[in-house]
Every structure is written in structure tokens, then in C-alpha cells.
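Shown next: data_0.pdb, given as PDB, C-alpha atoms.
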ATOM      1  CA  MET A   1       2.080  15.241  -0.794
ATOM      2  CA  ALA A   2       1.175  12.006  -2.585
ATOM      3  CA  HIS A   3       3.131  10.871  -5.625
ATOM      4  CA  ILE A   4       1.674  11.273  -9.117
ATOM      5  CA  VAL A   5       1.786   8.867 -12.050
ATOM      6  CA  ASP A   6       4.105  10.985 -14.195
ATOM      7  CA  GLU A   7       6.636  11.093 -11.372
ATOM      8  CA  PHE A   8       6.779   7.300 -11.270
ATOM      9  CA  LEU A   9       6.922   7.019 -15.063
ATOM     10  CA  ALA A  10       9.956   9.300 -15.117
ATOM     11  CA  SER A  11      11.786   7.411 -12.392
ATOM     12  CA  ASP A  12      14.223   4.575 -13.100
ATOM     13  CA  ALA A  13      14.277   3.961  -9.357
ATOM     14  CA  PHE A  14      10.557   3.312  -9.461
ATOM     15  CA  PHE A  15      10.913   0.788 -12.280
ATOM     16  CA  SER A  16      13.555  -1.062 -10.253
ATOM     17  CA  ALA A  17      11.059  -1.064  -7.391
ATOM     18  CA  VAL A  18       8.392  -2.473  -9.728
ATOM     19  CA  LEU A  19      10.636  -5.404 -10.581
ATOM     20  CA  ARG A  20      11.247  -5.955  -6.865
ATOM     21  CA  CYS A  21       7.486  -5.894  -6.323
ATOM     22  CA  ALA A  22       7.046  -8.616  -8.967
ATOM     23  CA  HIS A  23       9.517 -10.785  -7.045
ATOM     24  CA  GLU A  24       7.661 -10.115  -3.773
ATOM     25  CA  MET A  25       4.269 -10.973  -5.266
ATOM     26  CA  LEU A  26       5.671 -14.279  -6.495
ATOM     27  CA  THR A  27       7.098 -14.969  -3.029
ATOM     28  CA  ILE A  28       3.675 -14.384  -1.474
ATOM     29  CA  TYR A  29       2.147 -16.769  -4.024
ATOM     30  CA  ARG A  30       4.700 -19.478  -3.247
ATOM     31  CA  GLU A  31       3.981 -19.209   0.470
ATOM     32  CA  SER A  32       0.244 -19.735  -0.004
ATOM     33  CA  PRO A  33      -0.753 -20.668  -3.564
ATOM     34  CA  ARG A  34      -4.448 -21.178  -2.886
ATOM     35  CA  ILE A  35      -5.158 -17.831  -1.288
ATOM     36  CA  ALA A  36      -2.732 -15.982  -3.566
ATOM     37  CA  SER A  37      -4.650 -17.355  -6.542
ATOM     38  CA  ILE A  38      -7.413 -14.899  -5.582
ATOM     39  CA  PHE A  39      -5.137 -12.184  -6.990
ATOM     40  CA  ALA A  40      -4.070 -14.219 -10.026
ATOM     41  CA  SER A  41      -6.337 -12.397 -12.485
ATOM     42  CA  GLN A  42      -7.686  -8.873 -12.746
ATOM     43  CA  GLN A  43     -11.284  -9.933 -12.208
ATOM     44  CA  ARG A  44     -10.563 -11.945  -9.073
ATOM     45  CA  TRP A  45      -8.321  -9.169  -7.743
ATOM     46  CA  LEU A  46     -11.126  -6.635  -8.186
ATOM     47  CA  LEU A  47     -13.669  -8.995  -6.616
ATOM     48  CA  ALA A  48     -11.424  -9.551  -3.600
ATOM     49  CA  HIS A  49     -10.938  -5.814  -3.101
ATOM     50  CA  ALA A  50     -14.677  -5.251  -3.459
ATOM     51  CA  GLY A  51     -15.412  -7.850  -0.781
ATOM     52  CA  PHE A  52     -12.947  -6.371   1.704
ATOM     53  CA  ALA A  53     -14.191  -2.843   1.021
ATOM     54  CA  LEU A  54     -17.860  -3.710   1.517
ATOM     55  CA  HIS A  55     -16.972  -5.375   4.807
ATOM     56  CA  TYR A  56     -14.899  -2.442   6.043
ATOM     57  CA  GLY A  57     -17.183   0.235   4.592
ATOM     58  CA  TYR A  58     -17.040   1.244   0.945
ATOM     59  CA  PRO A  59     -16.832   5.050   0.530
ATOM     60  CA  ASP A  60     -20.176   6.702  -0.213
ATOM     61  CA  GLU A  61     -22.078   3.526   0.685
ATOM     62  CA  PRO A  62     -24.596   3.851   3.543
ATOM     63  CA  SER A  63     -23.180   1.088   5.764
ATOM     64  CA  SER A  64     -20.424  -1.472   6.149
ATOM     65  CA  ALA A  65     -21.706  -4.984   5.514
ATOM     66  CA  LEU A  66     -20.733  -7.851   3.259
ATOM     67  CA  TYR A  67     -23.340 -10.345   2.185
ATOM     68  CA  SER A  68     -23.896 -12.289  -0.988
ATOM     69  CA  GLY A  69     -26.706 -10.217  -2.511
ATOM     70  CA  ARG A  70     -24.963  -6.905  -1.922
ATOM     71  CA  PHE A  71     -21.654  -8.232  -3.254
ATOM     72  CA  ILE A  72     -23.270  -9.549  -6.441
ATOM     73  CA  THR A  73     -25.139  -6.292  -7.059
ATOM     74  CA  PHE A  74     -21.938  -4.300  -6.484
ATOM     75  CA  ALA A  75     -19.882  -6.474  -8.876
ATOM     76  CA  VAL A  76     -22.461  -6.086 -11.647
ATOM     77  CA  LYS A  77     -22.943  -2.350 -11.057
ATOM     78  CA  HIS A  78     -19.216  -1.676 -11.351
ATOM     79  CA  ASP A  79     -18.765  -3.980 -14.361
ATOM     80  CA  ILE A  80     -16.446  -6.340 -12.502
ATOM     81  CA  ALA A  81     -18.272  -9.619 -13.093
ATOM     82  CA  SER A  82     -21.596 -11.170 -14.038
ATOM     83  CA  ARG A  83     -24.069 -12.203 -11.355
ATOM     84  CA  ASN A  84     -23.132 -15.867 -11.764
ATOM     85  CA  THR A  85     -19.392 -15.209 -11.584
ATOM     86  CA  ALA A  86     -19.750 -13.023  -8.484
ATOM     87  CA  ALA A  87     -21.979 -15.593  -6.785
ATOM     88  CA  ALA A  88     -19.504 -18.380  -7.594
ATOM     89  CA  PHE A  89     -16.646 -16.288  -6.173
ATOM     90  CA  ILE A  90     -18.456 -15.877  -2.841
ATOM     91  CA  GLN A  91     -19.139 -19.601  -2.663
ATOM     92  CA  GLU A  92     -15.508 -20.375  -3.457
ATOM     93  CA  MET A  93     -14.287 -18.039  -0.714
ATOM     94  CA  LEU A  94     -16.612 -19.721   1.784
ATOM     95  CA  ALA A  95     -15.526 -23.197   0.692
ATOM     96  CA  TYR A  96     -11.852 -22.294   1.070
ATOM     97  CA  ARG A  97     -12.600 -20.651   4.427
ATOM     98  CA  PHE A  98     -11.421 -17.226   3.358
ATOM     99  CA  LEU A  99     -14.906 -15.935   4.254
ATOM    100  CA  ARG A 100     -17.185 -17.003   7.087
ATOM    101  CA  PRO A 101     -20.626 -16.052   8.425
ATOM    102  CA  ILE A 102     -20.566 -13.529  11.271
ATOM    103  CA  GLU A 103     -21.806 -15.238  14.410
ATOM    104  CA  GLY A 104     -24.520 -13.481  16.319
ATOM    105  CA  ALA A 105     -25.464 -11.113  13.480
ATOM    106  CA  THR A 106     -28.634  -9.248  14.397
ATOM    107  CA  ASP A 107     -30.221  -9.349  10.938
ATOM    108  CA  LYS A 108     -31.595 -12.889  10.668
ATOM    109  CA  ARG A 109     -32.806 -12.322   7.087
ATOM    110  CA  THR A 110     -29.305 -11.697   5.730
ATOM    111  CA  ARG A 111     -26.238 -13.855   6.290
ATOM    112  CA  LEU A 112     -23.487 -11.332   6.974
ATOM    113  CA  LEU A 113     -19.965 -12.420   6.039
ATOM    114  CA  GLU A 114     -16.467 -11.432   7.115
ATOM    115  CA  PRO A 115     -12.919 -12.261   5.947
ATOM    116  CA  THR A 116     -11.182 -14.919   8.021
ATOM    117  CA  GLU A 117      -7.839 -14.329   9.714
ATOM    118  CA  THR A 118      -6.106 -16.130   6.849
ATOM    119  CA  ALA A 119      -7.591 -13.804   4.229
ATOM    120  CA  SER A 120      -6.898 -10.701   6.324
ATOM    121  CA  GLU A 121      -3.290 -11.704   6.970
ATOM    122  CA  HIS A 122      -2.713 -12.303   3.279
ATOM    123  CA  PHE A 123      -4.161  -8.935   2.337
ATOM    124  CA  PHE A 124      -1.944  -7.286   4.948
ATOM    125  CA  LYS A 125       1.083  -8.878   3.243
ATOM    126  CA  TRP A 126      -0.089  -7.439  -0.075
ATOM    127  CA  ILE A 127      -0.476  -3.895   1.232
ATOM    128  CA  ALA A 128       2.680  -4.150   3.374
ATOM    129  CA  THR A 129       4.744  -5.058   0.305
ATOM    130  CA  HIS A 130       3.525  -1.971  -1.532
ATOM    131  CA  LEU A 131       4.048   0.334   1.457
ATOM    132  CA  TYR A 132       7.552  -1.051   1.959
ATOM    133  CA  ILE A 133       8.421  -0.198  -1.639
ATOM    134  CA  LEU A 134       6.941   3.301  -1.361
ATOM    135  CA  ASP A 135       8.912   3.878   1.840
ATOM    136  CA  ASN A 136      12.124   2.775   0.155
ATOM    137  CA  LEU A 137      11.497   5.209  -2.675
ATOM    138  CA  ASP A 138      10.947   8.336  -0.595
ATOM    139  CA  GLY A 139      12.134   7.557   2.927
ATOM    140  CA  GLY A 140       8.624   7.494   4.392
ATOM    141  CA  ASP A 141       7.412   5.376   7.302
ATOM    142  CA  ARG A 142       3.999   4.236   6.050
ATOM    143  CA  LEU A 143       4.633   0.576   6.831
ATOM    144  CA  GLY A 144       5.871   1.386  10.312
ATOM    145  CA  GLN A 145       2.707   3.357  11.050
ATOM    146  CA  VAL A 146       0.389   0.667   9.673
ATOM    147  CA  THR A 147       2.268  -2.099  11.492
ATOM    148  CA  ALA A 148       2.003  -0.140  14.743
ATOM    149  CA  ASN A 149      -1.739   0.289  14.209
ATOM    150  CA  PRO A 150      -3.115  -2.534  11.982
ATOM    151  CA  ALA A 151      -6.655  -1.193  12.387
ATOM    152  CA  THR A 152      -5.767   1.545   9.888
ATOM    153  CA  VAL A 153      -5.891  -1.075   7.129
ATOM    154  CA  ALA A 154      -9.684  -1.126   7.490
ATOM    155  CA  ARG A 155      -9.707   2.598   6.640
ATOM    156  CA  ILE A 156      -7.065   2.492   3.902
ATOM    157  CA  GLN A 157      -8.328  -0.530   1.951
ATOM    158  CA  PRO A 158     -11.774   0.836   0.981
ATOM    159  CA  LEU A 159     -10.089   3.950  -0.441
ATOM    160  CA  ILE A 160      -7.752   1.737  -2.471
ATOM    161  CA  ALA A 161     -10.668  -0.377  -3.697
ATOM    162  CA  LYS A 162     -12.760   2.626  -4.754
ATOM    163  CA  ALA A 163      -9.831   4.189  -6.611
ATOM    164  CA  ILE A 164      -8.795   1.038  -8.481
ATOM    165  CA  ILE A 165     -12.393   0.346  -9.473
ATOM    166  CA  GLU A 166     -12.773   3.895 -10.800
ATOM    167  CA  THR A 167      -9.297   4.367 -12.337
ATOM    168  CA  GLU A 168      -9.109   3.500 -16.029
ATOM    169  CA  ALA A 169      -5.309   3.292 -15.999
ATOM    170  CA  VAL A 170      -5.514   0.498 -13.419
ATOM    171  CA  ARG A 171      -8.399  -1.392 -14.982
ATOM    172  CA  ASP A 172      -7.315  -1.011 -18.614
ATOM    173  CA  PRO A 173      -3.518  -0.531 -18.859
ATOM    174  CA  GLY A 174      -3.160  -1.840 -22.412
ATOM    175  CA  PRO A 175      -3.876  -4.801 -24.707
ATOM    176  CA  THR A 176      -1.004  -7.087 -23.716
ATOM    177  CA  TYR A 177      -1.349  -6.388 -20.014
ATOM    178  CA  ASN A 178      -5.071  -7.080 -20.276
ATOM    179  CA  LEU A 179      -4.444 -10.306 -22.186
ATOM    180  CA  PHE A 180      -2.379 -11.690 -19.307
ATOM    181  CA  ASN A 181      -4.211 -10.149 -16.390
ATOM    182  CA  TRP A 182      -7.695 -11.256 -17.384
ATOM    183  CA  ALA A 183      -6.576 -14.856 -18.008
ATOM    184  CA  THR A 184      -6.646 -17.414 -15.207
ATOM    185  CA  SER A 185      -3.186 -17.300 -13.549
ATOM    186  CA  GLY A 186      -2.113 -14.930 -16.328
ATOM    187  CA  GLY A 187      -1.210 -12.187 -13.880
ATOM    188  CA  LEU A 188       1.221 -14.539 -12.157
ATOM    189  CA  VAL A 189       2.768 -15.533 -15.482
ATOM    190  CA  MET A 190       3.213 -11.855 -16.360
ATOM    191  CA  ASP A 191       4.791 -11.059 -12.983
ATOM    192  CA  TYR A 192       7.172 -13.976 -13.518
ATOM    193  CA  LEU A 193       8.191 -12.757 -16.977
ATOM    194  CA  MET A 194       8.724  -9.213 -15.683
ATOM    195  CA  SER A 195      10.756 -10.494 -12.740
ATOM    196  CA  LEU A 196      13.296 -11.761 -15.302
ATOM    197  CA  VAL A 197      13.845  -8.309 -16.853
ATOM    198  CA  PRO A 198      17.455  -7.382 -15.974
ATOM    199  CA  SER A 199      17.098  -3.658 -16.693
ATOM    200  CA  PHE A 200      15.116  -1.430 -19.037
ATOM    201  CA  ASP A 201      16.010   1.474 -21.276
ATOM    202  CA  ARG A 202      12.871   3.165 -22.595
ATOM    203  CA  SER A 203      14.426   3.360 -26.058
ATOM    204  CA  GLN A 204      14.770  -0.444 -26.251
ATOM    205  CA  LYS A 205      12.485  -2.212 -28.715
ATOM    206  CA  ARG A 206      13.173  -5.612 -27.183
ATOM    207  CA  ILE A 207      14.434  -6.763 -23.792
ATOM    208  CA  GLU A 208      16.109 -10.164 -23.600
ATOM    209  CA  ILE A 209      15.117 -12.114 -20.484
ATOM    210  CA  GLY A 210      16.884 -15.401 -21.220
ATOM    211  CA  PRO A 211      15.432 -18.923 -21.349
ATOM    212  CA  VAL A 212      11.981 -19.485 -19.859
ATOM    213  CA  SER A 213      10.875 -22.945 -18.720
ATOM    214  CA  LEU A 214       7.264 -23.636 -19.613
ATOM    215  CA  LYS A 215       7.323 -26.643 -17.301
ATOM    216  CA  LEU A 216       8.387 -24.455 -14.378
ATOM    217  CA  ILE A 217       5.555 -21.998 -15.102
ATOM    218  CA  ARG A 218       3.000 -24.805 -15.463
ATOM    219  CA  ASP A 219       4.036 -26.510 -12.251
ATOM    220  CA  GLU A 220       4.422 -23.391 -10.152
ATOM    221  CA  PHE A 221       1.288 -21.532 -11.202
ATOM    222  CA  ARG A 222      -0.921 -24.569 -11.783
ATOM    223  CA  ILE A 223      -1.722 -23.679 -15.356
ATOM    224  CA  SER A 224      -2.321 -26.235 -18.109
ATOM    225  CA  ASN A 225       0.102 -26.571 -20.990
ATOM    226  CA  THR A 226      -2.665 -25.779 -23.487
ATOM    227  CA  HIS A 227      -3.751 -22.640 -21.644
ATOM    228  CA  LEU A 228      -0.166 -21.422 -21.163
ATOM    229  CA  LYS A 229       0.840 -21.951 -24.787
ATOM    230  CA  ARG A 230      -2.319 -20.251 -26.022
ATOM    231  CA  LEU A 231      -1.597 -17.252 -23.778
ATOM    232  CA  LEU A 232       2.024 -16.930 -24.911
ATOM    233  CA  ALA A 233       1.083 -17.490 -28.557
ATOM    234  CA  GLN A 234      -1.448 -14.650 -28.399
ATOM    235  CA  ALA A 235       1.163 -12.349 -26.851
ATOM    236  CA  ALA A 236       3.609 -13.335 -29.602
ATOM    237  CA  GLU A 237       1.018 -12.618 -32.310
ATOM    238  CA  MET A 238       0.648  -9.135 -30.824
ATOM    239  CA  GLY A 239       4.420  -8.626 -31.134
ATOM    240  CA  SER A 240       4.728  -8.348 -27.351
ATOM    241  CA  MET A 241       7.107 -11.271 -26.863
ATOM    242  CA  GLY A 242       8.982 -13.882 -28.829
ATOM    243  CA  TRP A 243      11.801 -16.409 -28.904
ATOM    244  CA  SER A 244      15.277 -16.375 -30.423
ATOM    245  CA  GLY A 245      14.528 -19.773 -31.962
ATOM    246  CA  PRO A 246      11.291 -21.517 -32.956
ATOM    247  CA  SER A 247       8.274 -20.859 -30.730
ATOM    248  CA  TYR A 248       8.915 -21.861 -27.104
ATOM    249  CA  LYS A 249      12.596 -22.551 -27.900
ATOM    250  CA  GLY A 250      15.637 -20.455 -27.098
ATOM    251  CA  ASP A 251      15.851 -17.177 -25.208
ATOM    252  CA  VAL A 252      12.722 -15.072 -24.688
ATOM    253  CA  TRP A 253      12.369 -11.363 -25.403
ATOM    254  CA  LEU A 254       9.671  -8.930 -24.317
ATOM    255  CA  SER A 255       8.755  -5.871 -26.335
ATOM    256  CA  GLY A 256       9.478  -2.423 -24.946
ATOM    257  CA  GLY A 257       5.795  -1.610 -25.340
ATOM    258  CA  PHE A 258       4.749  -4.545 -23.157
ATOM    259  CA  VAL A 259       7.200  -3.538 -20.416
ATOM    260  CA  LEU A 260       5.943   0.052 -20.582
ATOM    261  CA  GLU A 261       2.343  -1.139 -20.192
ATOM    262  CA  TYR A 262       3.387  -2.996 -17.064
ATOM    263  CA  TRP A 263       5.257   0.080 -15.802
ATOM    264  CA  ARG A 264       2.267   2.376 -16.420
ATOM    265  CA  TYR A 265      -0.074   0.006 -14.620
ATOM    266  CA  GLN A 266       2.224  -0.212 -11.610
ATOM    267  CA  ALA A 267       2.616   3.584 -11.555
ATOM    268  CA  ALA A 268      -1.160   4.027 -11.484
ATOM    269  CA  LYS A 269      -1.595   1.345  -8.806
ATOM    270  CA  PHE A 270       1.134   2.720  -6.534
ATOM    271  CA  THR A 271      -0.246   6.258  -6.749
ATOM    272  CA  VAL A 272      -3.647   4.902  -5.701
ATOM    273  CA  ILE A 273      -2.121   3.134  -2.695
ATOM    274  CA  ASP A 274      -0.005   6.161  -1.796
ATOM    275  CA  ALA A 275      -2.972   8.546  -1.969
ATOM    276  CA  ALA A 276      -5.189   6.242   0.122
ATOM    277  CA  THR A 277      -2.484   5.867   2.750
ATOM    278  CA  GLU A 278      -1.895   9.613   2.899
ATOM    279  CA  ALA A 279      -5.631  10.274   3.281
ATOM    280  CA  VAL A 280      -5.668   8.104   6.420
ATOM    281  CA  LEU A 281      -2.193   8.592   7.910
ATOM    282  CA  GLY A 282      -1.319  12.031   6.589
ATOM    283  CA  PRO A 283       1.813  12.767   4.526
ATOM    284  CA  ALA A 284       4.474  10.070   4.686
ATOM    285  CA  ILE A 285       6.802  10.660   7.633
ATOM    286  CA  ALA A 286      10.398  10.647   6.420
ATOM    287  CA  LEU A 287      12.786   8.441   8.350
ATOM    288  CA  THR A 288      15.645  10.759   7.420
ATOM    289  CA  THR A 289      15.724  14.456   6.665
ATOM    290  CA  GLY A 290      16.103  15.767   3.161
ATOM    291  CA  ALA A 291      14.309  15.501  -0.162
ATOM    292  CA  ARG A 292      12.613  12.405  -1.526
ATOM    293  CA  ARG A 293      14.992   9.767  -2.762
ATOM    294  CA  ILE A 294      12.921   8.921  -5.826
ATOM    295  CA  SER A 295      14.739   9.869  -9.027
TER     296      SER A 295
END

Just give me the structure of the file as C-alpha cells.
Amino acid sequence: MAHIVDEFLASDAFFSAVLRCAHEMLTIYRESPRIASIFASQQRWLLAHAGFALHYGYPDEPSSALYSGRFITFAVKHDIASRNTAAAFIQEMLAYRFLRPIEGATDKRTRLLEPTETASEHFFKWIATHLYILDNLDGGDRLGQVTANPATVARIQPLIAKAIIETEAVRDPGPTYNLFNWATSGGLVMDYLMSLVPSFDRSQKRIEIGPVSLKLIRDEFRISNTHLKRLLAQAAEMGSMGWSGPSYKGDVWLSGGFVLEYWRYQAAKFTVIDAATEAVLGPAIALTTGARRIS
């Protein structure tokens, strides 16, 4: 039986896993900054999932096919992006060779597209990281099954895409989360800040995360000083973070509310991934006997 959001929200083990996931997402970014930047904001993340899902076969859609016109219409219909933004995203993916035309396509009127090996391998890393964490929580063998049969990703991913597009808790977790995740590279900055959280007691009003180097963030995530300071200043105005000294000086703290927003988002996302995987693979096969380890 798939996990539910409330189960994850009640589990300290899950929150520890969330922090581990933040570290893993940053590792993936460092290995391939250009392609990982596709997932660096909520809008781009949703657009990427939409593209994969249309290629593999979006649930309830009549056929599996990715082409520019269909992608743009889909993005507008599901309130992901404007026509211009969706069109620019497709062109960017082609320019970076994350998408390519399908050779020998029978429909000469429409240029069908497909993800390249680079894009597919990166997405596999993304889903593998999440399955690994789920397996460590409950002793399942999702990752082992998917690794043994990579073709299952083409069946799992469209279910993930449909659920995240239709799940309010994933698309709108809260004001501070949205502030970061809709900003260019803001999702990466947020993951970095969360990766510094040492532990979290739900009764805490503030969580000290120590000194934070703006230069390190700028250099690593390719974000301008102006954009970064504006983002952090807005979060500080919302009471979601601050400094022990003057702005940008001294140790940084995050509000308990901000951390809980992040936790709730991750809980909703992991339940989506768990449910999609179970729908394709069946209930997670435990590597060891006994009850789930999540607590």
C-alpha cells in the first residue's frame, strides 16, 4: 500500500530523508549544471515533466507524441506557462540537445521530438534518487526493480507528471516555498539552505543553519548578486529567514514555518512518486521481512 502525506509529515525519519534528498539534488546539479538547471524552478520542472510525459504517453491523452504545438497547448491548458514561455523552452531544449527530432517520423506535417540520451539519463537519476530514499524508509526494492527494467520509467513518469500537475500541495506548498521555487535558480538556493539544517523540532520557531556564503551560492548556482539578494531580502521580509547580525552578515536562521512548508511539499511529492511506482510495479517488495521502517 502506498504511503500517504500524513504518514510522512508525522515521521522524523522522513524529514531526515528529505534533507538527504536535498544533498542528492545538489550533487546531481554539480555533476551537470546545464541540464540540472531545467529543474531549477517550479515552472521549468513542470515543463520538463510535461515534455517527458507527452513523449511517453500522458494518461487520458489519445496518443504518445511530443511536438512543439502540442506541448505549447498542454502548458497553457494546465496553467504551467504562457505560449511564448513554452515555445522558448522547447527551443532551448533543442539548442542544448536535450531534445531532438525523431528521424523517419511518418507524419511529415509535424516535427516529432524525443528526449536525448543525456536528458533521459538525467531524469533517471532524479527518479532513482527518490526511489532510493523511499526504499530506505520502508525496506522496499523499487529502485532494484526499475534498474533491472529501465523501460518501466516510461510507464511511471507520465503518472508522476499527471499527479504533480493536478496536486495542489505540490504546485502550491506555501508562500515562501513558492517565492524560491518560482524564481530562476531559486529552487537550488532553497535546497542548499535546507541541506544546512542540522535537525528540526516542529516546536522550533527558528533553526540556526550557521554562516551562508553568498559568493558560494552565486558561483555555484550561476545567480547574479542582485537577484540573490532580492530573493533573500523578500524571504526575510516574510519572516522566513534572517541573520544574527546585519543583513547578509553572521549566522543564518530559517523559520520553522518555512521548513515545514518544505517538508509538506516533499511529503506530497514523495507520495506522488510512491503511488505512481506502485501502480506500475505493484506494492514495494520488502528486502527484509517485518513492518515498514518508517517512524

Next item on the list: Might you spell out which residues the PyMOL selection byres ((chain A and resi 155) around 10) would select in the displayed file, as a ChimeraX atom specification?
Entry: /A:53,56-59,150-154,156-160,276-277,279-281

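Going from CA of Leu112 (chain A) over to CA of Leu66 (chain A), you cover 5.8 Å.
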
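Here the question is which of A:Ile285, A:Glu208, A:Leu134, A:Ala75 gets nearest to His3 (chain A) using only C-alpha atoms, and that residue is A:Leu134.
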
Item checked: Given the PyMOL selection byres ((chain A and resi 248-252) around 9), the residues it picks as a list in words -> Ile207, Glu208, Ile209, Gly210, Pro211, Val212, Ser213, Leu214, Lys229, Leu232, Met241, Gly242, Trp243, Ser244, Gly245, Pro246, Ser247, Trp253 and Leu254 of chain A

Checklist line | Picked residues, the PyMOL selection byres ((chain A and resi 5-17) around 12), expected as number ranges by chain | finding: A: 2-4, 18-24, 129-138, 167, 169-170, 194-202, 259-275, 292-295

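Interatomic distance, CA of Glu278 (chain A) against CA of Leu143 (chain A): 11.8 Å.
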
Note to self: For a test of reading the model, state the distance in Å between CA of Glu166 (chain A) and CA of Ser64 (chain A), rounded to one decimal.
What the structure shows: 19.4 Å

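Remark: for Phe52 (chain A), the closest of the candidate residues A:Lys162, A:Arg171, A:His78, A:Arg30 is A:Lys162 (distances computed over only C-alpha atoms).
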
Checklist line | Selected residue, from A:Ser120, A:Glu103, A:Arg222, A:Arg142, that lies nearest to His49 (chain A) when counting all atoms listed in the file | finding: A:Ser120

Next item on the list: May I have the residues within 10 Å of region 92-94 of chain A as a list in words, using all atoms listed in the file and disregarding those fewer than 4 positions away in the same chain?
Entry: Ile35, Ile38, Ala48, Ala86, Ala87, Ala88, Phe98, Leu99, Arg100, Pro101, Leu113, Glu114, Pro115, Thr116 and Ala119 of chain A

Give me the residues within 9 Å of Tyr177 (chain A) as an mmCIF file with C-alpha atoms, in the coordinates of the input, counting only C-alpha atoms and dropping any in the same chain fewer than 4 places off.
data_model
loop_
_atom_site.group_PDB
_atom_site.id
_atom_site.type_symbol
_atom_site.label_atom_id
_atom_site.label_comp_id
_atom_site.auth_asym_id
_atom_site.auth_seq_id
_atom_site.Cartn_x
_atom_site.Cartn_y
_atom_site.Cartn_z
ATOM 1 C CA ASP A 172 -7.315 -1.011 -18.614
ATOM 2 C CA PRO A 173 -3.518 -0.531 -18.859
ATOM 3 C CA ASN A 181 -4.211 -10.149 -16.390
ATOM 4 C CA TRP A 182 -7.695 -11.256 -17.384
ATOM 5 C CA GLY A 187 -1.210 -12.187 -13.880
ATOM 6 C CA MET A 190 3.213 -11.855 -16.360
ATOM 7 C CA PHE A 258 4.749 -4.545 -23.157
ATOM 8 C CA GLU A 261 2.343 -1.139 -20.192
ATOM 9 C CA TYR A 262 3.387 -2.996 -17.064
ATOM 10 C CA TYR A 265 -0.074 0.006 -14.620
#

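Nearest to Phe89 (chain A) of all the residues A:Ile102, A:Leu46, A:Ile164, A:Leu54 is A:Leu46, counting all atoms listed in the file.
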
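Residue nearest Lys77 (chain A) within the list A:Ala50, A:Trp45, A:Gly186, A:Asp141: A:Ala50 [criterion: smallest interatomic distance, only C-alpha atoms].
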
Please supply region 257-269 of chain A, rebuilt with N, CA, C and O atoms, as a compact mmCIF listing (two decimals), in the coordinates of the input.
# COMPACT_ATOMS: atom_id res chain seq x y z
N GLY A 257 7.17 -2.05 -25.57
CA GLY A 257 5.80 -1.61 -25.34
C GLY A 257 5.11 -2.39 -24.23
O GLY A 257 4.36 -1.82 -23.43
N PHE A 258 5.33 -3.70 -24.19
CA PHE A 258 4.75 -4.54 -23.16
C PHE A 258 5.28 -4.14 -21.78
O PHE A 258 4.52 -3.96 -20.82
N VAL A 259 6.59 -3.94 -21.69
CA VAL A 259 7.20 -3.54 -20.42
C VAL A 259 6.66 -2.17 -19.98
O VAL A 259 6.38 -1.95 -18.80
N LEU A 260 6.48 -1.27 -20.93
CA LEU A 260 5.94 0.05 -20.58
C LEU A 260 4.50 -0.04 -20.10
O LEU A 260 4.08 0.71 -19.20
N GLU A 261 3.71 -0.94 -20.68
CA GLU A 261 2.34 -1.14 -20.19
C GLU A 261 2.37 -1.57 -18.72
O GLU A 261 1.59 -1.08 -17.90
N TYR A 262 3.26 -2.50 -18.43
CA TYR A 262 3.39 -3.00 -17.06
C TYR A 262 3.81 -1.87 -16.13
O TYR A 262 3.28 -1.72 -15.02
N TRP A 263 4.76 -1.06 -16.58
CA TRP A 263 5.26 0.08 -15.80
C TRP A 263 4.14 1.08 -15.54
O TRP A 263 3.94 1.55 -14.42
N ARG A 264 3.35 1.41 -16.58
CA ARG A 264 2.27 2.38 -16.42
C ARG A 264 1.21 1.87 -15.45
O ARG A 264 0.67 2.63 -14.63
N TYR A 265 0.89 0.58 -15.55
CA TYR A 265 -0.07 0.01 -14.62
C TYR A 265 0.42 0.12 -13.18
O TYR A 265 -0.31 0.55 -12.28
N GLN A 266 1.67 -0.26 -12.96
CA GLN A 266 2.22 -0.21 -11.61
C GLN A 266 2.26 1.22 -11.09
O GLN A 266 1.99 1.48 -9.91
N ALA A 267 2.59 2.17 -11.97
CA ALA A 267 2.62 3.58 -11.56
C ALA A 267 1.23 4.03 -11.09
O ALA A 267 1.09 4.69 -10.06
N ALA A 268 0.20 3.65 -11.86
CA ALA A 268 -1.16 4.03 -11.48
C ALA A 268 -1.57 3.35 -10.18
O ALA A 268 -2.20 3.98 -9.31
N LYS A 269 -1.22 2.08 -10.03
CA LYS A 269 -1.60 1.34 -8.81
C LYS A 269 -0.90 1.92 -7.58
O LYS A 269 -1.52 2.13 -6.52
